[in-house]
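Structure data (CSV, C-alpha atoms and all ligand atoms) from target-v2.csv:
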```
chain,number,residue,atom,x,y,z
A,61,MET,CA,75.6,38.5,-82.0
A,62,GLY,CA,76.1,39.2,-85.7
A,63,TYR,CA,73.7,42.1,-86.3
A,64,SER,CA,73.4,44.4,-89.3
A,65,PHE,CA,71.8,47.7,-90.3
A,66,ASP,CA,68.8,45.8,-91.7
A,67,ASP,CA,68.2,44.3,-88.2
A,68,LEU,CA,67.9,47.9,-86.8
A,69,LYS,CA,65.3,48.7,-89.4
A,70,ALA,CA,63.5,45.4,-88.9
A,71,ALA,CA,63.3,46.1,-85.1
A,72,GLY,CA,61.3,49.3,-85.8
A,73,LYS,CA,59.7,48.3,-89.1
A,74,LYS,CA,56.4,50.1,-88.7
A,75,ASP,CA,58.1,53.4,-87.6
A,76,TRP,CA,60.6,53.2,-90.4
A,77,GLN,CA,57.8,52.7,-93.0
A,78,ASN,CA,55.8,55.6,-91.5
A,79,TYR,CA,58.9,57.8,-91.9
A,80,ILE,CA,59.8,56.8,-95.4
A,81,GLN,CA,56.3,56.8,-96.7
A,82,HIS,CA,54.9,59.8,-94.8
A,83,ASP,CA,52.2,61.9,-96.4
A,84,PHE,CA,54.6,64.8,-96.7
A,85,VAL,CA,57.0,62.6,-98.8
A,86,LYS,CA,54.1,61.3,-100.9
A,87,GLN,CA,52.8,64.8,-101.6
A,88,LEU,CA,56.3,66.1,-102.3
A,89,GLY,CA,56.9,63.2,-104.8
A,90,ALA,CA,53.6,63.9,-106.6
A,91,GLY,CA,54.3,67.7,-106.7
A,92,THR,CA,51.0,68.4,-104.7
A,93,LEU,CA,52.6,69.4,-101.4
A,94,PRO,CA,51.3,72.9,-100.5
A,95,PRO,CA,54.2,75.4,-101.1
A,96,ALA,CA,53.7,76.8,-97.6
A,97,ALA,CA,54.4,73.3,-96.1
A,98,PHE,CA,57.6,72.9,-98.1
A,99,ARG,CA,58.8,76.4,-97.2
A,100,HIS,CA,58.1,75.9,-93.5
A,101,TYR,CA,59.8,72.5,-93.6
A,102,LEU,CA,62.9,73.7,-95.5
A,103,GLN,CA,63.4,76.7,-93.3
A,104,GLN,CA,63.3,74.5,-90.2
A,105,ASP,CA,65.5,72.0,-92.0
A,106,TYR,CA,68.1,74.8,-92.4
A,107,LEU,CA,68.2,75.1,-88.6
A,108,PHE,CA,68.1,71.3,-88.2
A,109,LEU,CA,71.1,70.8,-90.5
A,110,ILE,CA,73.3,73.3,-88.6
A,111,HIS,CA,72.8,71.2,-85.4
A,112,PHE,CA,73.4,68.0,-87.3
A,113,ALA,CA,76.6,69.4,-88.6
A,114,ARG,CA,77.5,70.0,-84.9
A,115,ALA,CA,76.6,66.4,-84.2
A,116,TYR,CA,79.0,65.2,-86.9
A,117,ALA,CA,81.7,67.4,-85.3
A,118,LEU,CA,80.9,65.6,-82.0
A,119,ALA,CA,81.3,62.3,-83.8
A,120,ALA,CA,84.7,63.6,-85.1
A,121,TYR,CA,85.7,64.5,-81.5
A,122,LYS,CA,84.8,60.9,-80.4
A,123,SER,CA,86.8,59.3,-83.2
A,124,ARG,CA,89.8,57.2,-82.3
A,125,ASN,CA,91.6,56.9,-85.6
A,126,MET,CA,92.0,58.5,-89.0
A,127,ALA,CA,89.3,56.3,-90.6
A,128,GLU,CA,86.7,57.2,-88.0
A,129,LEU,CA,87.6,60.9,-88.3
A,130,ARG,CA,87.3,60.8,-92.1
A,131,HIS,CA,84.0,59.1,-91.9
A,132,SER,CA,82.6,61.8,-89.6
A,133,PHE,CA,84.2,64.5,-91.7
A,134,ASP,CA,82.6,63.1,-94.9
A,135,GLY,CA,79.2,63.1,-93.2
A,136,MET,CA,79.6,66.7,-92.2
A,137,LYS,CA,80.7,67.7,-95.7
A,138,VAL,CA,77.5,66.3,-97.2
A,139,ILE,CA,75.4,68.5,-94.9
A,140,VAL,CA,77.4,71.7,-95.3
A,141,ASP,CA,78.4,71.5,-99.0
A,142,LEU,CA,75.4,69.7,-100.5
A,143,GLU,CA,72.3,70.0,-98.4
A,144,LEU,CA,72.7,73.5,-96.8
A,145,THR,CA,73.7,74.9,-100.2
A,146,LEU,CA,70.4,73.7,-101.7
A,147,HIS,CA,68.5,75.1,-98.8
A,148,VAL,CA,70.1,78.5,-99.1
A,149,ASP,CA,69.4,78.5,-102.8
A,150,TYR,CA,65.7,77.8,-102.3
A,151,CYS,CA,65.4,80.4,-99.7
A,152,THR,CA,67.2,83.0,-101.8
A,153,GLN,CA,64.5,82.4,-104.5
A,154,TRP,CA,61.8,83.1,-101.9
A,155,GLY,CA,63.6,86.3,-100.9
A,156,VAL,CA,64.7,84.8,-97.5
A,157,SER,CA,68.3,85.6,-96.7
A,158,GLU,CA,70.7,83.6,-94.5
A,159,GLU,CA,70.3,86.4,-91.9
A,160,ASP,CA,66.5,85.9,-91.9
A,161,LEU,CA,67.0,82.1,-91.5
A,162,ALA,CA,69.3,82.6,-88.6
A,163,ARG,CA,66.6,84.7,-86.9
A,164,LEU,CA,63.8,82.1,-87.4
A,165,PRO,CA,62.3,80.6,-84.2
A,166,GLU,CA,63.0,76.9,-83.9
A,167,ALA,CA,60.0,74.7,-84.0
A,168,ARG,CA,59.6,72.2,-81.1
A,169,ALA,CA,60.1,69.3,-83.6
A,170,THR,CA,63.4,70.8,-84.6
A,171,MET,CA,64.6,71.3,-81.1
A,172,ALA,CA,63.5,67.8,-79.9
A,173,TYR,CA,65.2,65.9,-82.7
A,174,THR,CA,68.5,67.9,-82.8
A,175,ARG,CA,68.9,68.0,-79.1
A,176,TYR,CA,68.1,64.3,-78.8
A,177,VAL,CA,70.8,63.4,-81.2
A,178,LEU,CA,73.4,65.7,-79.6
A,179,ASP,CA,72.5,64.3,-76.1
A,180,THR,CA,72.8,60.7,-77.3
A,181,GLY,CA,76.2,61.5,-78.7
A,182,ASN,CA,77.3,63.3,-75.6
A,183,ARG,CA,76.2,60.4,-73.4
A,184,GLY,CA,77.3,57.5,-75.5
A,185,ASP,CA,80.1,56.4,-77.7
A,186,LEU,CA,80.7,56.7,-81.5
A,187,LEU,CA,78.3,53.8,-82.3
A,188,ASP,CA,75.5,55.4,-80.3
A,189,MET,CA,76.1,58.6,-82.2
A,190,HIS,CA,76.0,57.1,-85.6
A,191,VAL,CA,72.9,55.0,-84.9
A,192,ALA,CA,71.2,58.3,-83.8
A,193,LEU,CA,72.4,59.9,-87.1
A,194,ALA,CA,71.5,57.0,-89.4
A,195,PRO,CA,67.7,57.7,-89.9
A,196,CYS,CA,68.7,61.1,-91.2
A,197,LEU,CA,71.4,60.1,-93.7
A,198,VAL,CA,70.2,56.7,-94.7
A,199,GLY,CA,66.5,57.6,-94.5
A,200,TYR,CA,66.6,60.4,-97.0
A,201,GLY,CA,68.7,58.4,-99.5
A,202,GLU,CA,66.0,55.6,-99.1
A,203,ILE,CA,63.2,58.1,-99.5
A,204,ALA,CA,64.6,59.3,-102.9
A,205,ASN,CA,64.9,55.7,-104.1
A,206,TRP,CA,61.4,54.9,-102.8
A,207,LEU,CA,60.0,58.0,-104.6
A,208,ASN,CA,61.6,57.0,-107.8
A,209,SER,CA,60.0,53.5,-107.5
A,210,GLU,CA,56.5,55.0,-107.0
A,211,ALA,CA,54.0,55.4,-109.9
A,212,ASN,CA,52.6,58.7,-108.3
A,213,THR,CA,56.0,60.4,-108.3
A,214,LEU,CA,56.3,63.2,-110.9
A,215,ARG,CA,59.8,64.0,-112.1
A,216,GLY,CA,61.0,67.0,-114.1
A,217,ALA,CA,60.0,70.6,-114.4
A,218,ASP,CA,56.3,69.9,-113.6
A,219,ASN,CA,57.2,69.0,-110.0
A,220,PRO,CA,58.4,72.1,-108.1
A,221,TYR,CA,60.3,69.9,-105.7
A,222,ASP,CA,62.2,68.0,-108.3
A,223,SER,CA,65.6,69.4,-107.3
A,224,TRP,CA,65.0,68.2,-103.8
A,225,ILE,CA,64.6,64.6,-105.0
A,226,ALA,CA,67.5,65.1,-107.3
A,227,MET,CA,69.8,66.0,-104.5
A,228,TYR,CA,69.0,62.9,-102.4
A,229,GLU,CA,69.2,60.6,-105.4
A,230,SER,CA,72.6,62.1,-106.4
A,231,GLU,CA,75.7,59.9,-106.3
A,232,GLY,CA,77.2,62.3,-103.7
A,233,PHE,CA,74.4,61.6,-101.3
A,234,GLN,CA,73.8,57.9,-102.2
A,235,ALA,CA,77.6,57.2,-101.7
A,236,ALA,CA,77.5,58.8,-98.2
A,237,MET,CA,74.4,56.6,-97.4
A,238,ARG,CA,76.2,53.4,-98.5
A,239,ASP,CA,79.3,54.3,-96.5
A,240,GLU,CA,77.2,54.9,-93.4
A,241,ILE,CA,75.4,51.5,-93.9
A,242,ASN,CA,78.8,49.7,-94.4
A,243,TRP,CA,80.3,51.4,-91.3
A,244,LEU,CA,77.3,50.4,-89.2
A,245,ASN,CA,77.3,46.8,-90.6
A,246,THR,CA,80.9,46.4,-89.5
A,247,ARG,CA,80.2,47.6,-86.0
A,248,LEU,CA,76.9,45.9,-85.5
A,249,ALA,CA,78.4,42.5,-86.5
A,250,THR,CA,80.1,42.3,-83.1
A,251,VAL,CA,77.7,43.8,-80.6
A,252,THR,CA,76.0,41.7,-77.9
A,253,ASP,CA,72.2,41.2,-77.7
A,254,GLU,CA,72.0,43.7,-74.8
A,255,ARG,CA,73.9,46.3,-76.7
A,256,PHE,CA,71.8,45.8,-79.8
A,257,GLU,CA,68.6,46.3,-77.7
A,258,GLU,CA,70.0,49.7,-76.5
A,259,LEU,CA,70.8,50.7,-80.1
A,260,THR,CA,67.4,49.7,-81.4
A,261,THR,CA,65.9,52.1,-78.9
A,262,ILE,CA,68.1,55.0,-80.2
A,263,PHE,CA,67.3,54.1,-83.8
A,264,ARG,CA,63.6,54.0,-83.2
A,265,ASP,CA,63.5,57.2,-81.2
A,266,ALA,CA,65.4,59.0,-83.9
A,267,THR,CA,63.0,57.6,-86.6
A,268,ARG,CA,60.0,58.7,-84.6
A,269,LEU,CA,61.5,62.2,-84.4
A,270,GLU,CA,61.9,62.2,-88.2
A,271,ILE,CA,58.1,61.4,-88.5
A,272,ASP,CA,57.4,64.4,-86.2
A,273,PHE,CA,59.6,66.6,-88.4
A,274,TRP,CA,57.5,65.7,-91.5
A,275,GLN,CA,54.3,66.3,-89.6
A,276,MET,CA,55.6,69.7,-88.4
A,277,GLY,CA,56.0,70.6,-92.1
A,278,LEU,CA,52.5,69.6,-92.9
A,279,ASP,CA,51.0,71.3,-89.9
A,280,LEU,CA,53.1,74.4,-90.2
A,281,SER,CA,53.6,74.1,-86.5
A,282,PHE,CA,56.2,75.7,-84.2
A,301,LIG,C1,64.9,66.3,-90.7
A,301,LIG,C2,65.9,65.8,-91.7
A,301,LIG,N1,66.3,64.5,-91.7
A,301,LIG,C3,67.2,64.1,-92.6
A,301,LIG,C4,67.8,64.9,-93.4
A,301,LIG,C5,68.8,64.4,-94.5
A,301,LIG,N2,70.1,64.8,-94.1
A,301,LIG,C6,67.4,66.3,-93.4
A,301,LIG,N3,67.9,67.2,-94.3
A,301,LIG,N4,66.4,66.7,-92.5
```
When written as structure tokens, how does the structure in this file appear?
Amino acid sequence: MGYSFDDLKAAGKKDWQNYIQHDFVKQLGAGTLPPAAFRHYLQQDYLFLIHFARAYALAAYKSRNMAELRHSFDGMKVIVDLELTLHVDYCTQWGVSEEDLARLPEARATMAYTRYVLDTGNRGDLLDMHVALAPCLVGYGEIANWLNSEANTLRGADNPYDSWIAMYESEGFQAAMRDEINWLNTRLATVTDERFEELTTIFRDATRLEIDFWQMGLDLSF
């Protein structure tokens, strides 16, 4: 009894590190990521985020009070207003319209991750759902902070991916990340050892699916 979000990360430490410090992330930070890899990743991420917005809607459905409802609503707003807007802007620069995006075939990594999270939420309760969502929200906030601490990271106009880093380091995203950690810390403080074990499996599975998502970007795979 008496767990926290850090305990979830510690239980899958190696996977978490492989996710945060993936080659895709390192190359993006250094500005050396092949444009085709970023483009493939970002287009798949558009499809991914639409399903993740649905997952937040499911979390809202599972909410029992106003505070839980608002928490899910805030998570969904970050995806729809902040992240999807940037994705559509990037794609517009490449001459790819929202109609083109909607017609894109989904990569297996996109399907696997999004359906895993939706299934976990359907099967479980609100805590299961948020633990499945946490590597997404908390992970990208942590990635931006990790990139900023790395000597190889190039910031400014010389890095074509600078606006991507800027979004995830922004106060809007970082505040949502802190809220999620606080929310999880409150719930994890009272779970039993058995329940914590179940939750670590969900957290690690979602983290491994994040690793596959980066790899899909590097491999240009469907
Ligand atoms: C695959 C993935 N994971 C996380 C995030 C950050 N919401 C994202 N945009 N895409």
Checklist line | Between CA of Tyr221 in chain A and CA of Asp105 in chain A - distance in Å to one decimal | finding: 14.8 Å
Item checked: Neighbour list for Leu278 in chain A as a list in words, cut-off 7 Å, all atoms listed in the file, skip fewer than 3 positions in-chain -> Phe84, Ala97, Trp274 and Gln275 of chain A
Checklist line | For Leu259 in chain A: contacts at 8 Å, all atoms listed in the file, fewer than 6 positions along chain excluded, given as a count of residues only | finding: 3
Next item on the list: Kindly indicate which residue among A:His147, A:Leu186, A:Glu166, A:Leu109 lies nearest to Trp243 in chain A, using only C-alpha atoms for the distances.
Entry: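 Counting only C-alpha atoms, the residue closest to Trp243 in chain A is A:Leu186.
Listed by chain and then residue number, the contacts of ligand LIG 301 (chain A) are Asp105, Phe108, Leu109, Ile139, Glu143, Pro195, Cys196, Leu197, Gly199, Tyr200, Glu270 and Phe273 of chain A (distance at most 7 Å, using all atoms listed in the file).
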Check: Within 12 Å of Ala217 in chain A, counting only C-alpha atoms, which residues qualify if same-chain residues fewer than 4 places away don't, as an MDAnalysis selection string?
Finding: chainID A and resid 91 221:224 226
Next item on the list: Considering all atoms listed in the file, state which residue in the set A:Glu258, A:Asp218, A:Asp75, A:Glu240 is at the smallest distance from Gly201 in chain A.
Entry: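 Going through A:Glu258, A:Asp218, A:Asp75, A:Glu240 one by one, the smallest distance to Gly201 in chain A is for A:Glu240.
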Note to self: Residues near Ala266 in chain A, anyone? I mean within 8 Å using all atoms listed in the file, not counting same-chain ones fewer than 6 positions away, as a PyMOL selection string.
What the structure shows: chain A and resi 173+176-177+192-193+195
Could you take the residues named above and write them with C-alpha atoms, as an mmCIF file, keeping the file's coordinate frame?
```
data_model
loop_
_atom_site.group_PDB
_atom_site.id
_atom_site.type_symbol
_atom_site.label_atom_id
_atom_site.label_comp_id
_atom_site.auth_asym_id
_atom_site.auth_seq_id
_atom_site.Cartn_x
_atom_site.Cartn_y
_atom_site.Cartn_z
ATOM 1 C CA TYR A 173 65.200 65.900 -82.700
ATOM 2 C CA TYR A 176 68.100 64.300 -78.800
ATOM 3 C CA VAL A 177 70.800 63.400 -81.200
ATOM 4 C CA ALA A 192 71.200 58.300 -83.800
ATOM 5 C CA LEU A 193 72.400 59.900 -87.100
ATOM 6 C CA PRO A 195 67.700 57.700 -89.900
#
```
Note to self: If we count all atoms listed in the file and set the cut-off at 9 Å, which residues sit around Glu202 in chain A, ignoring sequence neighbours fewer than 6 positions away in its own chain? Please answer as a PyMOL selection string.
What the structure shows: chain A and resi 80+228-229+234+237
Please produce an output containing C-alpha atoms for each residue in the selection, written as a PDB file, in the frame of the given file.
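And here's again.pdb as it stands now:
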```
ATOM      1  CA  ILE A  80      59.800  56.800 -95.400  1.00  0.00           C
ATOM      2  CA  TYR A 228      69.000  62.900-102.400  1.00  0.00           C
ATOM      3  CA  GLU A 229      69.200  60.600-105.400  1.00  0.00           C
ATOM      4  CA  GLN A 234      73.800  57.900-102.200  1.00  0.00           C
ATOM      5  CA  MET A 237      74.400  56.600 -97.400  1.00  0.00           C
TER       6      MET A 237
END
```
Check: So which one's closest to Arg99 in chain A, A:Gln81, A:Asn242, A:Thr152, A:Ser209? Using all atoms listed in the file, please.
Finding: A:Thr152
Check: Given the choices A:Leu187, A:Ala167, A:Arg215, A:Ser230, which gets closest to Phe263 in chain A if the distance is worked out from all atoms listed in the file?
Finding: A:Leu187
Considering all atoms listed in the file, give me a table of residues in range 63-102 of chain A that are at most 12 Å from range 153-164 of chain A, with the closest atom pair and distance in Å for each, as a tab-separated table.
```
residue	atom	partner	partner_atom	distance
A:Pro95	CA	A:Trp154	CA	10.8
A:Ala96	CA	A:Trp154	CA	11.1
A:Phe98	CA	A:Trp154	CA	11.7
A:Arg99	CA	A:Trp154	CA	8.7
A:His100	CA	A:Leu164	CA	10.4
A:Leu102	CA	A:Leu161	CA	10.2
```
